[in-house]
Structures are given as structure tokens and as C-alpha cells.
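Undergrad: Once you've had a glance at the structure underneath, I'll fire off some questions.
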Amino acid sequence: MKHITCIDDLRALHKRRVPKAFFDYCDRGSYAEETLRANREDMQAIKFRQRILVDVSKRDTSTTILGEPSTMPLMLAPVGLLGMQHGDGEIHACRAAQAAGIPFTQSTMSICSIEDIAANVEKPFWFQLYVMKDRGFIKELIQRAMAAKCSALVLTVDLQVIGQRHQDIKNGMTVPPEWSLSKLLDFASKPAWVSGVLQGKRRTFGNLAGHLKVSDDITSLSTWINSQFDTSLNWNDIEWIRSIWPGKLILKGILDVEDAELAAKTGAQALVVSNHGGRQLDGAPSSIEVLPEIADAVGDKMEIMFDGGIRSGQDVMRALALGAKSCMIGRAYAYGLGAGGQAGVAKAIDIIQKELLTTMGLCGVNKIDEIDDQIIAV
């Protein structure tokens with residue numbers, strides 16, 4: 001990791017070390033990938049005001065997230081199948097986040113189970129929930145998160161139907177993988193990855209195994225999953241979830257002011273402005289484009305978090321300036337995980353924090369709560 005200088009370096013190393021199907025699953029978006037590109041292009045179009053001769057000797061990235069101290073305004077977002085980027089990937093990512101003093105969010109569709117992670121880390125983590133048709137299983141899943149002392153529930157609200165990701169279809173993306181000669185050759189060329197995944201606790205969906213009425217074989221689980229995304233999910237279901245979950249609730253996937261105003265009425269403590277990393281509705285606006293109006297509309301009612309296109313500390317600064325209180329990274333740390341396991345995730349976090357500190361200094365800012373739209377060049 002000595003010569004890794006940025007998230008793009010981690011991405012390049014991830015691409016070399018992990019089989020193509022799993023790298024593409026992390027890296028690519030839905031349909032024509034217009035929204036995936038917009039997340040980055042719109043972010044990079046935002047320019048800073050450089051300020052000089054300001055005393056920035058006491059810069060500090062620490063803040064609070066949902067009332068809890070954090071070393072920086074950053075969280076690790078829920079990413080599915082981390083255990084297929086690196087063996088026991090969810091555990092390694094959570095350990096890196098906790099060592100850095102920031103929150104980690106486990107995905108419902110993780111390889112390691114809630115219990116696997118809880119038994120192997122020192123502090124509570126967040127759990128992300130997909131609501132499926134089988135409400136009995138969802139209630140049980142929430143109760144398992146409570147038993148594991150998860151400190152926040154992140155309800156993803158933008159996955160009632162699934163945007164098609166062309167590259168996953170071309171790659172025959174399944175868990176475990178759909179085999180072909182080209183895939184076998186690809187795997188054979190990455191022995192360190194194969195060894196790491198084989199040594200991991202699981203190679204299927206840990207939160208589902210042993211907790212469903214269907215068989216635990218991967219075909220049965222995959223069939224069940226594909227039948228479970230609930231197109232009837234609506235605002236009333238949040239009240240049902242709140243009747244079970246007693247803790248902090250975050251709604252992830254808000255991209256419209258009207259929806260943000262409805263979210264503020266649910267009693268949730270926070271929302272995440274997000275387009276699912278350009279993996280759902282292609283042609284939707286970038287997250288950064290809609291952030292200011294959502295922050296203006298409900299920022300005094302609930303905590304505003306941001307997700308979509310963060311690849312640097314500069315990007316974190318941009319989102320904070322436009323109304324976010326904290327940011328999630330997904331691909332940025334998944335690249336690190338694929339590149340180097342826990343050390344790679346730690347490197348991704350460290351890169352972003354150091355870039356944020358430098359950008360604060362060059363913009364004449366010492367504290368996170370001093371960052372506002374005045375640092376943006378008009």
C-alpha cells in the first residue's frame with residue numbers, strides 16, 4: 001500500500017486482483033450508466049474558492065453522526081457481496097471502519113451474517129435492511145440486528161424493482177459463480193483471491209442461510225431472493241418497521257424533495273440522498289445535483305447524509321458545502337477491500353481523511369461545522 005496515492009490506484013489494483021465478474025459487480029451501473037457517470041461528472045464540476053493567509057493550524061475532521069462521535073463525516077455504505085471481493089470481507093471492512101472511528105453498515109445481501117460480524121468486531125455497527133415480501137423473515141432479521149446491538153437501521157427504499165445491470169448478465173454473475181471456461185481461467189489467474197475466499201466463513205448469503213423455509217442451497221436461495229422484492233412497499237410500511245425497531249432509523253435512497261418531506265414525517269432520524277450509486281434508475285439526476293434542495297427543504301427536521309460518487313476528500317467537502325452533514329462511501333472502500341483486504345479499506349479511509357484535511361486548509365476552514373456553500377466558487 002506504500003505507493004497507493006488515491007482511490008483510483010486502489011481501483012486499478014482491485015481490478016487486477018479480483019475476478020472480473022465481482023469487480024464489475026462493484027464498479028458498474030444500470031442500463032446505459034448515465035446516472036453512474038453523472039454522479040462523478042457533476043461532482044467534479046463543483047469548484048472551490050481557494051483562500052489564503054488564514055490560520056489553519058488547528059484543522060480537525062471530527063464531528064458527530066446521529067449524535068455519536070466520529071473522527072470524520074464519513075460512513076461505510078452497505079455493499080452487497082463484500083465477502084466475494086475478499087474472504088470475510090464484511091468483517092474486515094467493519095474492523096477497518098471501527099479502527100478509524102467511523103460507522104460501518106452491513107448489507108442485508110452480505111456474505112457474512114449479522115452474527116458473524118458481531119462476534120468478530122468490538123463495537124456496534126449499522127445494519128441495512130431490504131424489505132421483502134416475507135414479512136416474518138424481515139421481522140426476524142430486524143430482531144437479529146437488535147440482538148447484535150446494531151446501533152442504527154438503514155432502510156433502503158429505492159429497490160422495489162431492480163435496475164438491470166448489463167455487465168452482471170454478461171458476466172453470468174451469481175453467488176457462487178456460474179462457471180465457464182473463461183471464468184475458470186480468470187479465477188485460476190488470481191490464486192490469492194481464491195485462497196482468501198475459500199478460507200472465509202461463507203460463500204453464500206449469510207443472513208439468509210439457515211433462516212428460511214427454503215433449502216440453503218444457492219439455487220433455492222437465489223430463486224427465493226428474486227421472488228421477494230416487494231413492489232407493494234410504501235410509506236405505511238415504515239410505521240410497521242418502527243413498531244419493531246426501537247433505535248435510530250435512516251432512510252436511504254431519497255432523490256426528490258417531495259419524498260424528502262414525506263420522509264421527515266416518518267420519525268426517521270436521518271435520510272440519505274442517494275441514487276443507489278447509479279445502479280437503479282438510469283437517467284435519474286446525480287445525487288449531488290439534488291442535494292441542496294433536499295437539504296434546504298428538510299435539513300432542519302432530520303440529519304442529511306449523502307451517497308453517490310464520493311471518491312476523495314474533496315468530494316466529501318463538496319457534499320458538506322451543499323448541505324450534507326456526513327457522507328457514505330461504497331465503491332471507494334470496496335476497491336480497497338478487493339485491493340488489499342482490511343489494510344486496503346483502511347487505506348481508502350485514510351486517503352479520504354487526508355485529502356479532506358488538505359482541502360479544508362486550502363479553503364481556509366478549520367472545523368467541519370464551518371464548511372458551507374461559501375467555500376464554493378460561483
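Within each chain, counting starts at residue 1; across the C-alpha cells, chains are named A, B, ... in the order shown, with ligands numbered 1 upward in that order.
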Applying 9 Å and only C-alpha atoms, which residues near Ala260 of chain A remain after dropping the ones on its own chain fewer than 4 positions away? List them as a list in words.

TA: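 What passes the distance filter is Ile254, Leu255, Asp256, Ala264, Lys265, Leu271, Val273, Ile294, Ala295, Ala297 and Val298 of chain A.
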
Undergrad: The selected residues should be written to file as a tab-separated table (two decimals), in the first residue's frame (atoms: C-alpha atoms).

TA:
chain	number	residue	atom	x	y	z
A	254	ILE	CA	-34.17	9.79	-1.32
A	255	LEU	CA	-33.73	11.76	-4.55
A	256	ASP	CA	-36.78	14.04	-4.64
A	264	ALA	CA	-39.34	13.84	7.50
A	265	LYS	CA	-42.82	12.91	8.74
A	271	LEU	CA	-32.15	10.34	5.27
A	273	VAL	CA	-29.64	11.48	-0.58
A	294	ILE	CA	-33.37	18.46	-0.23
A	295	ALA	CA	-31.12	19.91	2.47
A	297	ALA	CA	-36.35	21.51	2.49
A	298	VAL	CA	-35.79	19.16	5.45

Undergrad: Which residues of segment 243-301 of chain A come within 6 Å of segment 28-45 of chain A, and for each one, what is the closest pair of atoms and their distance in Å to one decimal, counting only C-alpha atoms, sorted by chain and residue number, as a tab-separated table?

TA:
residue	atom	partner	partner_atom	distance
A:Gly278	CA	A:Leu36	CA	4.1
A:Arg279	CA	A:Gly29	CA	4.4
A:Gln280	CA	A:Ser30	CA	5.9
A:Asp282	CA	A:Thr35	CA	5.3
A:Gly283	CA	A:Thr35	CA	5.5
A:Ala284	CA	A:Thr35	CA	5.9
A:Ser286	CA	A:Asn39	CA	4.7

Undergrad: For the residues in the current selection, export all heavy atoms as an mmCIF file, in the first residue's frame.

TA:
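Full text of result-v7.cif as output:
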data_model
loop_
_atom_site.group_PDB
_atom_site.id
_atom_site.type_symbol
_atom_site.label_atom_id
_atom_site.label_comp_id
_atom_site.auth_asym_id
_atom_site.auth_seq_id
_atom_site.Cartn_x
_atom_site.Cartn_y
_atom_site.Cartn_z
ATOM 1 N N GLY A 278 -26.018 4.923 -9.004
ATOM 2 C CA GLY A 278 -26.261 4.758 -10.441
ATOM 3 C C GLY A 278 -26.580 3.321 -10.819
ATOM 4 O O GLY A 278 -26.418 2.937 -11.985
ATOM 5 N N ARG A 279 -27.080 2.533 -9.867
ATOM 6 C CA ARG A 279 -27.349 1.124 -10.106
ATOM 7 C C ARG A 279 -28.838 0.811 -10.210
ATOM 8 O O ARG A 279 -29.215 -0.350 -10.358
ATOM 9 C CB ARG A 279 -26.735 0.275 -8.977
ATOM 10 C CG ARG A 279 -25.219 0.322 -8.960
ATOM 11 C CD ARG A 279 -24.647 -0.195 -7.647
ATOM 12 N NE ARG A 279 -24.921 -1.600 -7.407
ATOM 13 C CZ ARG A 279 -24.232 -2.612 -7.942
ATOM 14 N NH1 ARG A 279 -23.229 -2.347 -8.769
ATOM 15 N NH2 ARG A 279 -24.525 -3.864 -7.653
ATOM 16 N N GLN A 280 -29.701 1.849 -10.144
ATOM 17 C CA GLN A 280 -31.135 1.610 -10.200
ATOM 18 C C GLN A 280 -31.768 2.373 -11.365
ATOM 19 O O GLN A 280 -31.728 1.919 -12.481
ATOM 20 C CB GLN A 280 -31.767 1.974 -8.850
ATOM 21 C CG GLN A 280 -31.611 0.877 -7.792
ATOM 22 C CD GLN A 280 -32.391 -0.361 -8.167
ATOM 23 O OE1 GLN A 280 -31.875 -1.256 -8.836
ATOM 24 N NE2 GLN A 280 -33.655 -0.414 -7.742
ATOM 25 N N ASP A 282 -31.688 4.527 -14.199
ATOM 26 C CA ASP A 282 -30.755 5.229 -15.082
ATOM 27 C C ASP A 282 -31.485 6.392 -15.738
ATOM 28 O O ASP A 282 -32.639 6.270 -16.155
ATOM 29 C CB ASP A 282 -30.223 4.276 -16.153
ATOM 30 C CG ASP A 282 -28.949 4.803 -16.787
ATOM 31 O OD1 ASP A 282 -28.176 5.486 -16.077
ATOM 32 O OD2 ASP A 282 -28.708 4.537 -17.983
ATOM 33 N N GLY A 283 -30.819 7.543 -15.781
ATOM 34 C CA GLY A 283 -31.456 8.767 -16.242
ATOM 35 C C GLY A 283 -31.933 9.624 -15.092
ATOM 36 O O GLY A 283 -32.430 10.739 -15.304
ATOM 37 N N ALA A 284 -31.794 9.144 -13.866
ATOM 38 C CA ALA A 284 -32.094 9.970 -12.690
ATOM 39 C C ALA A 284 -30.992 10.999 -12.519
ATOM 40 O O ALA A 284 -29.871 10.824 -13.002
ATOM 41 C CB ALA A 284 -32.178 9.087 -11.437
ATOM 42 N N SER A 286 -27.981 13.180 -10.736
ATOM 43 C CA SER A 286 -26.920 12.818 -9.806
ATOM 44 C C SER A 286 -27.342 13.180 -8.385
ATOM 45 O O SER A 286 -28.168 14.065 -8.173
ATOM 46 C CB SER A 286 -25.625 13.552 -10.162
ATOM 47 O OG SER A 286 -25.769 14.952 -9.940
#

Undergrad: Using only C-alpha atoms, which of A:Gly308, A:Leu212, A:Lys325, A:Ser243 sits nearest Thr64 of chain A?

TA: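 Looking only at the distances to Thr64 of chain A, the closest residue turns out to be A:Lys325.
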
Undergrad: Please provide as a compact mmCIF listing (two decimals) with N, CA, C and O atoms, in the first residue's frame all residues within 7 Å of Ala319 of chain A, with the sequence filter that same-chain residues fewer than 4 positions apart are discarded (counting only C-alpha atoms).

TA:
# COMPACT_ATOMS: atom_id res chain seq x y z
N ILE A 288 -25.54 14.66 -6.15
CA ILE A 288 -25.06 15.99 -5.77
C ILE A 288 -25.94 17.09 -6.37
O ILE A 288 -26.08 18.17 -5.78
N PHE A 306 -25.25 11.85 2.64
CA PHE A 306 -25.07 11.89 1.18
C PHE A 306 -24.36 10.64 0.70
O PHE A 306 -23.43 10.15 1.33
N ASP A 315 -14.42 15.49 -2.57
CA ASP A 315 -15.84 15.20 -2.80
C ASP A 315 -16.64 15.29 -1.50
O ASP A 315 -17.77 15.78 -1.49
N GLY A 323 -24.87 20.96 1.88
CA GLY A 323 -25.94 20.66 2.81
C GLY A 323 -25.90 19.34 3.53
O GLY A 323 -26.70 19.10 4.44
N ALA A 324 -24.99 18.43 3.14
CA ALA A 324 -24.89 17.15 3.85
C ALA A 324 -24.17 17.34 5.18
O ALA A 324 -23.30 18.20 5.31

Undergrad: Could you give me the residues within segment 241-345 of chain A that DSSP places in alpha helix (DSSP H), as a PyMOL selection string?

TA: chain A and resi 241-244+257-263+287-298+313-321+331-345

Undergrad: Limited to C-alpha atoms, could you put the picked residues into a file as a PDB file, in the first residue's frame?

TA:
ATOM      1  CA  ILE A 241     -40.764  -1.214  10.848  1.00  0.00           C
ATOM      2  CA  ARG A 242     -40.675   1.466  13.528  1.00  0.00           C
ATOM      3  CA  SER A 243     -43.048  -0.614  15.642  1.00  0.00           C
ATOM      4  CA  ILE A 244     -40.370  -3.336  15.737  1.00  0.00           C
ATOM      5  CA  VAL A 257     -37.872  16.955  -2.427  1.00  0.00           C
ATOM      6  CA  GLU A 258     -41.458  15.699  -2.157  1.00  0.00           C
ATOM      7  CA  ASP A 259     -40.184  12.323  -0.960  1.00  0.00           C
ATOM      8  CA  ALA A 260     -37.802  14.037   1.465  1.00  0.00           C
ATOM      9  CA  GLU A 261     -40.713  15.947   3.005  1.00  0.00           C
ATOM     10  CA  LEU A 262     -42.644  12.687   3.412  1.00  0.00           C
ATOM     11  CA  ALA A 263     -39.556  11.067   4.931  1.00  0.00           C
ATOM     12  CA  SER A 287     -27.089  12.782  -6.021  1.00  0.00           C
ATOM     13  CA  ILE A 288     -25.063  15.992  -5.772  1.00  0.00           C
ATOM     14  CA  GLU A 289     -27.463  17.827  -8.124  1.00  0.00           C
ATOM     15  CA  VAL A 290     -30.468  17.308  -5.855  1.00  0.00           C
ATOM     16  CA  LEU A 291     -28.670  17.564  -2.511  1.00  0.00           C
ATOM     17  CA  PRO A 292     -29.019  21.351  -1.975  1.00  0.00           C
ATOM     18  CA  GLU A 293     -32.787  21.494  -2.456  1.00  0.00           C
ATOM     19  CA  ILE A 294     -33.371  18.464  -0.234  1.00  0.00           C
ATOM     20  CA  ALA A 295     -31.121  19.914   2.473  1.00  0.00           C
ATOM     21  CA  ASP A 296     -32.971  23.228   2.248  1.00  0.00           C
ATOM     22  CA  ALA A 297     -36.355  21.507   2.492  1.00  0.00           C
ATOM     23  CA  VAL A 298     -35.786  19.163   5.449  1.00  0.00           C
ATOM     24  CA  GLY A 313     -11.810  14.098   0.477  1.00  0.00           C
ATOM     25  CA  GLN A 314     -12.549  16.909  -1.948  1.00  0.00           C
ATOM     26  CA  ASP A 315     -15.842  15.199  -2.802  1.00  0.00           C
ATOM     27  CA  VAL A 316     -16.726  14.958   0.893  1.00  0.00           C
ATOM     28  CA  MET A 317     -16.033  18.690   1.188  1.00  0.00           C
ATOM     29  CA  ARG A 318     -18.298  19.409  -1.788  1.00  0.00           C
ATOM     30  CA  ALA A 319     -21.197  17.441  -0.321  1.00  0.00           C
ATOM     31  CA  LEU A 320     -20.819  19.075   3.096  1.00  0.00           C
ATOM     32  CA  ALA A 321     -20.759  22.512   1.474  1.00  0.00           C
ATOM     33  CA  ARG A 331     -17.210   1.728  -4.234  1.00  0.00           C
ATOM     34  CA  ALA A 332     -14.287   3.673  -2.770  1.00  0.00           C
ATOM     35  CA  TYR A 333     -13.808   1.264   0.122  1.00  0.00           C
ATOM     36  CA  ALA A 334     -14.873  -1.832  -1.852  1.00  0.00           C
ATOM     37  CA  TYR A 335     -11.968  -1.070  -4.195  1.00  0.00           C
ATOM     38  CA  GLY A 336      -9.718  -1.019  -1.145  1.00  0.00           C
ATOM     39  CA  LEU A 337     -11.135  -4.305   0.114  1.00  0.00           C
ATOM     40  CA  GLY A 338     -10.536  -6.026  -3.209  1.00  0.00           C
ATOM     41  CA  ALA A 339      -7.084  -4.489  -3.461  1.00  0.00           C
ATOM     42  CA  GLY A 340      -5.832  -5.395  -0.010  1.00  0.00           C
ATOM     43  CA  GLY A 341      -8.426  -6.633   2.453  1.00  0.00           C
ATOM     44  CA  GLN A 342      -8.679  -4.768   5.745  1.00  0.00           C
ATOM     45  CA  ALA A 343      -5.485  -2.826   5.026  1.00  0.00           C
ATOM     46  CA  GLY A 344      -6.953  -1.691   1.718  1.00  0.00           C
ATOM     47  CA  VAL A 345     -10.144  -0.428   3.363  1.00  0.00           C
TER      48      VAL A 345
END

Undergrad: I'd like the interatomic distance between atom CA of Arg144 of chain A and atom CA of Lys201 of chain A, to a tenth of an Å.

TA: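 Atom-to-atom, atom CA of Arg144 of chain A and atom CA of Lys201 of chain A are spaced 18.7 Å apart.
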
Undergrad: Produce a table with one row for each residue of segment 130-201 of chain A that has an atom at most 10 Å from any atom of segment 20-24 of chain A, each row naming the nearest atom pair and its distance in Å at one decimal; use only C-alpha atoms; arrange rows by chain and rising residue number; format as a Markdown table.

TA:
| residue | atom | partner | partner_atom | distance |
| --- | --- | --- | --- | --- |
| A:Arg165 | CA | A:Asp24 | CA | 9.7 |
| A:Gln167 | CA | A:Asp24 | CA | 6.8 |
| A:Asp168 | CA | A:Ala21 | CA | 6.9 |
| A:Ile169 | CA | A:Ala21 | CA | 9.5 |
| A:Lys170 | CA | A:Ala21 | CA | 8.8 |
| A:Asn171 | CA | A:Ala21 | CA | 5.4 |
| A:Gly172 | CA | A:Ala21 | CA | 7.5 |
| A:Met173 | CA | A:Ala21 | CA | 5.9 |
| A:Thr174 | CA | A:Ala21 | CA | 8.8 |
| A:Val175 | CA | A:Phe22 | CA | 9.8 |
| A:Pro177 | CA | A:Ala21 | CA | 8.4 |
| A:Glu178 | CA | A:Ala21 | CA | 9.8 |
| A:Lys183 | CA | A:Lys20 | CA | 8.3 |
| A:Asp186 | CA | A:Lys20 | CA | 7.4 |
| A:Phe187 | CA | A:Lys20 | CA | 8.8 |

Undergrad: Keeping only N, CA and C atoms, take the residues you just selected and write them out as a PDB file, in the first residue's frame.

TA:
ATOM      1  N   ARG A 165     -28.455  -4.470 -14.651  1.00  0.00           N
ATOM      2  CA  ARG A 165     -27.026  -4.155 -14.787  1.00  0.00           C
ATOM      3  C   ARG A 165     -26.463  -5.077 -15.858  1.00  0.00           C
ATOM      4  N   GLN A 167     -23.719  -5.599 -17.330  1.00  0.00           N
ATOM      5  CA  GLN A 167     -22.456  -6.315 -17.186  1.00  0.00           C
ATOM      6  C   GLN A 167     -22.599  -7.554 -16.316  1.00  0.00           C
ATOM      7  N   ASP A 168     -23.483  -7.494 -15.316  1.00  0.00           N
ATOM      8  CA  ASP A 168     -23.701  -8.677 -14.476  1.00  0.00           C
ATOM      9  C   ASP A 168     -24.277  -9.829 -15.300  1.00  0.00           C
ATOM     10  N   ILE A 169     -25.171  -9.498 -16.220  1.00  0.00           N
ATOM     11  CA  ILE A 169     -25.761 -10.534 -17.080  1.00  0.00           C
ATOM     12  C   ILE A 169     -24.691 -11.115 -17.994  1.00  0.00           C
ATOM     13  N   LYS A 170     -23.880 -10.250 -18.586  1.00  0.00           N
ATOM     14  CA  LYS A 170     -22.821 -10.723 -19.485  1.00  0.00           C
ATOM     15  C   LYS A 170     -21.800 -11.578 -18.755  1.00  0.00           C
ATOM     16  N   ASN A 171     -21.561 -11.251 -17.492  1.00  0.00           N
ATOM     17  CA  ASN A 171     -20.575 -11.995 -16.706  1.00  0.00           C
ATOM     18  C   ASN A 171     -21.146 -13.251 -16.063  1.00  0.00           C
ATOM     19  N   GLY A 172     -22.457 -13.494 -16.220  1.00  0.00           N
ATOM     20  CA  GLY A 172     -23.076 -14.636 -15.548  1.00  0.00           C
ATOM     21  C   GLY A 172     -22.918 -14.534 -14.048  1.00  0.00           C
ATOM     22  N   MET A 173     -23.174 -13.321 -13.525  1.00  0.00           N
ATOM     23  CA  MET A 173     -22.907 -13.027 -12.119  1.00  0.00           C
ATOM     24  C   MET A 173     -23.897 -13.739 -11.200  1.00  0.00           C
ATOM     25  N   THR A 174     -23.394 -14.694 -10.433  1.00  0.00           N
ATOM     26  CA  THR A 174     -24.183 -15.384  -9.425  1.00  0.00           C
ATOM     27  C   THR A 174     -23.298 -15.652  -8.221  1.00  0.00           C
ATOM     28  N   VAL A 175     -23.898 -16.087  -7.141  1.00  0.00           N
ATOM     29  CA  VAL A 175     -23.146 -16.482  -5.946  1.00  0.00           C
ATOM     30  C   VAL A 175     -23.622 -17.858  -5.508  1.00  0.00           C
ATOM     31  N   PRO A 177     -20.280 -18.449  -8.234  1.00  0.00           N
ATOM     32  CA  PRO A 177     -20.249 -18.057  -9.642  1.00  0.00           C
ATOM     33  C   PRO A 177     -20.815 -19.122 -10.580  1.00  0.00           C
ATOM     34  N   GLU A 178     -21.397 -18.655 -11.674  1.00  0.00           N
ATOM     35  CA  GLU A 178     -21.809 -19.523 -12.773  1.00  0.00           C
ATOM     36  C   GLU A 178     -20.543 -19.844 -13.568  1.00  0.00           C
ATOM     37  N   LYS A 183     -14.262 -18.064 -17.183  1.00  0.00           N
ATOM     38  CA  LYS A 183     -14.304 -17.705 -15.758  1.00  0.00           C
ATOM     39  C   LYS A 183     -13.317 -18.552 -14.965  1.00  0.00           C
ATOM     40  N   ASP A 186     -10.006 -17.090 -15.516  1.00  0.00           N
ATOM     41  CA  ASP A 186      -9.897 -15.831 -14.769  1.00  0.00           C
ATOM     42  C   ASP A 186      -9.615 -16.111 -13.300  1.00  0.00           C
ATOM     43  N   PHE A 187     -10.358 -17.036 -12.718  1.00  0.00           N
ATOM     44  CA  PHE A 187     -10.154 -17.379 -11.308  1.00  0.00           C
ATOM     45  C   PHE A 187      -8.766 -17.979 -11.085  1.00  0.00           C
TER      46      PHE A 187
END

Undergrad: Within segment 209-312 of chain A, find each residue whose DSSP state, derived from the backbone, is strand (DSSP E or B), and express the selection as an mmCIF file with N, CA, C and O atoms, in the first residue's frame.

TA:
data_model
loop_
_atom_site.group_PDB
_atom_site.id
_atom_site.type_symbol
_atom_site.label_atom_id
_atom_site.label_comp_id
_atom_site.auth_asym_id
_atom_site.auth_seq_id
_atom_site.Cartn_x
_atom_site.Cartn_y
_atom_site.Cartn_z
ATOM 1 N N PHE A 229 -38.539 -9.265 -3.859
ATOM 2 C CA PHE A 229 -38.562 -7.806 -3.904
ATOM 3 C C PHE A 229 -40.011 -7.336 -4.028
ATOM 4 O O PHE A 229 -40.754 -7.780 -4.891
ATOM 5 N N LYS A 248 -32.286 4.064 16.176
ATOM 6 C CA LYS A 248 -32.173 5.106 15.155
ATOM 7 C C LYS A 248 -32.457 4.522 13.771
ATOM 8 O O LYS A 248 -31.986 3.441 13.432
ATOM 9 N N LEU A 249 -33.248 5.283 12.995
ATOM 10 C CA LEU A 249 -33.673 4.829 11.670
ATOM 11 C C LEU A 249 -33.213 5.828 10.616
ATOM 12 O O LEU A 249 -33.420 7.037 10.753
ATOM 13 N N ILE A 250 -32.606 5.304 9.560
ATOM 14 C CA ILE A 250 -32.114 6.109 8.438
ATOM 15 C C ILE A 250 -32.795 5.609 7.163
ATOM 16 O O ILE A 250 -32.813 4.399 6.900
ATOM 17 N N LEU A 251 -33.362 6.510 6.369
ATOM 18 C CA LEU A 251 -33.975 6.146 5.097
ATOM 19 C C LEU A 251 -33.002 6.456 3.972
ATOM 20 O O LEU A 251 -32.636 7.615 3.761
ATOM 21 N N LYS A 252 -32.584 5.431 3.246
ATOM 22 C CA LYS A 252 -31.570 5.593 2.189
ATOM 23 C C LYS A 252 -32.198 5.425 0.815
ATOM 24 O O LYS A 252 -32.850 4.426 0.536
ATOM 25 N N GLY A 253 -31.976 6.433 -0.054
ATOM 26 C CA GLY A 253 -32.478 6.357 -1.413
ATOM 27 C C GLY A 253 -33.415 7.493 -1.772
ATOM 28 O O GLY A 253 -34.214 7.389 -2.701
ATOM 29 N N ILE A 254 -33.308 8.621 -1.062
ATOM 30 C CA ILE A 254 -34.168 9.789 -1.324
ATOM 31 C C ILE A 254 -33.509 10.656 -2.394
ATOM 32 O O ILE A 254 -32.342 11.023 -2.285
ATOM 33 N N ALA A 270 -32.733 10.319 10.101
ATOM 34 C CA ALA A 270 -31.876 10.789 9.008
ATOM 35 C C ALA A 270 -32.358 10.223 7.687
ATOM 36 O O ALA A 270 -33.080 9.218 7.636
ATOM 37 N N LEU A 271 -31.953 10.880 6.612
ATOM 38 C CA LEU A 271 -32.146 10.337 5.272
ATOM 39 C C LEU A 271 -30.822 10.412 4.527
ATOM 40 O O LEU A 271 -29.956 11.229 4.836
ATOM 41 N N VAL A 272 -30.683 9.535 3.548
ATOM 42 C CA VAL A 272 -29.508 9.543 2.683
ATOM 43 C C VAL A 272 -29.941 9.940 1.287
ATOM 44 O O VAL A 272 -30.744 9.245 0.655
ATOM 45 N N VAL A 273 -29.431 11.076 0.812
ATOM 46 C CA VAL A 273 -29.643 11.480 -0.576
ATOM 47 C C VAL A 273 -28.811 10.530 -1.429
ATOM 48 O O VAL A 273 -27.580 10.507 -1.342
ATOM 49 N N GLU A 303 -31.346 14.616 9.945
ATOM 50 C CA GLU A 303 -29.948 14.691 9.533
ATOM 51 C C GLU A 303 -29.825 14.278 8.068
ATOM 52 O O GLU A 303 -30.385 13.268 7.645
ATOM 53 N N ILE A 304 -29.087 15.079 7.307
ATOM 54 C CA ILE A 304 -28.927 14.819 5.880
ATOM 55 C C ILE A 304 -27.590 14.127 5.627
ATOM 56 O O ILE A 304 -26.520 14.669 5.930
ATOM 57 N N MET A 305 -27.658 12.925 5.089
ATOM 58 C CA MET A 305 -26.473 12.178 4.691
ATOM 59 C C MET A 305 -26.427 12.118 3.173
ATOM 60 O O MET A 305 -27.442 12.305 2.508
ATOM 61 N N PHE A 306 -25.253 11.847 2.640
ATOM 62 C CA PHE A 306 -25.071 11.893 1.182
ATOM 63 C C PHE A 306 -24.359 10.640 0.698
ATOM 64 O O PHE A 306 -23.431 10.148 1.332
ATOM 65 N N ASP A 307 -24.784 10.159 -0.474
ATOM 66 C CA ASP A 307 -24.166 8.980 -1.080
ATOM 67 C C ASP A 307 -24.228 9.120 -2.591
ATOM 68 O O ASP A 307 -25.293 9.419 -3.147
#

Undergrad: What's the 8 Å shell around Ile65 of chain A, counting only C-alpha atoms, without same-chain residues fewer than 4 positions away, as number ranges by chain?

TA: A: 69-70, 73, 325-326

Undergrad: Take the residues just selected and output them with N, CA, C and O atoms as an mmCIF file, in the first residue's frame.

TA:
data_model
loop_
_atom_site.group_PDB
_atom_site.id
_atom_site.type_symbol
_atom_site.label_atom_id
_atom_site.label_comp_id
_atom_site.auth_asym_id
_atom_site.auth_seq_id
_atom_site.Cartn_x
_atom_site.Cartn_y
_atom_site.Cartn_z
ATOM 1 N N PRO A 69 -19.953 10.418 18.388
ATOM 2 C CA PRO A 69 -18.709 10.983 17.877
ATOM 3 C C PRO A 69 -18.141 10.165 16.727
ATOM 4 O O PRO A 69 -18.233 8.932 16.723
ATOM 5 N N SER A 70 -17.574 10.854 15.762
ATOM 6 C CA SER A 70 -16.940 10.212 14.614
ATOM 7 C C SER A 70 -15.690 11.010 14.263
ATOM 8 O O SER A 70 -15.695 12.247 14.357
ATOM 9 N N PRO A 73 -16.682 13.041 8.933
ATOM 10 C CA PRO A 73 -18.077 12.914 8.482
ATOM 11 C C PRO A 73 -18.220 11.865 7.382
ATOM 12 O O PRO A 73 -18.621 12.146 6.259
ATOM 13 N N LYS A 325 -24.516 16.513 6.154
ATOM 14 C CA LYS A 325 -23.792 16.518 7.419
ATOM 15 C C LYS A 325 -22.726 15.436 7.446
ATOM 16 O O LYS A 325 -21.750 15.529 8.192
ATOM 17 N N SER A 326 -22.907 14.407 6.623
ATOM 18 C CA SER A 326 -21.932 13.325 6.526
ATOM 19 C C SER A 326 -22.123 12.626 5.184
ATOM 20 O O SER A 326 -23.121 12.840 4.494
#

Undergrad: So which residues touch Thr61 of chain A within 12 Å, counting only C-alpha atoms, skipping near sequence neighbours fewer than 2 positions away, as a ChimeraX atom specification?

TA: /A:58-59,63-64,69-74,101-102,313,316-317,320,326,350,352-361,365-371

Undergrad: Which residues come within 12 Å of Ser232 of chain A, counting only C-alpha atoms, excluding same-chain residues fewer than 6 positions away, as a PyMOL selection string?

TA: chain A and resi 131-133+157+159-161

Undergrad: Using only C-alpha atoms, which of A:Ile7, A:Ile375, A:Leu155, A:His86 sits nearest Pro191 of chain A?

TA: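 Nearest to Pro191 of chain A: A:His86.
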
Undergrad: Tell me which of A:Ser180, A:Ala268, A:Val121, A:Asn226 sits closest to Glu239 of chain A, counting only C-alpha atoms.

TA: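 Among A:Ser180, A:Ala268, A:Val121, A:Asn226, it is A:Ala268 that comes nearest to Glu239 of chain A.
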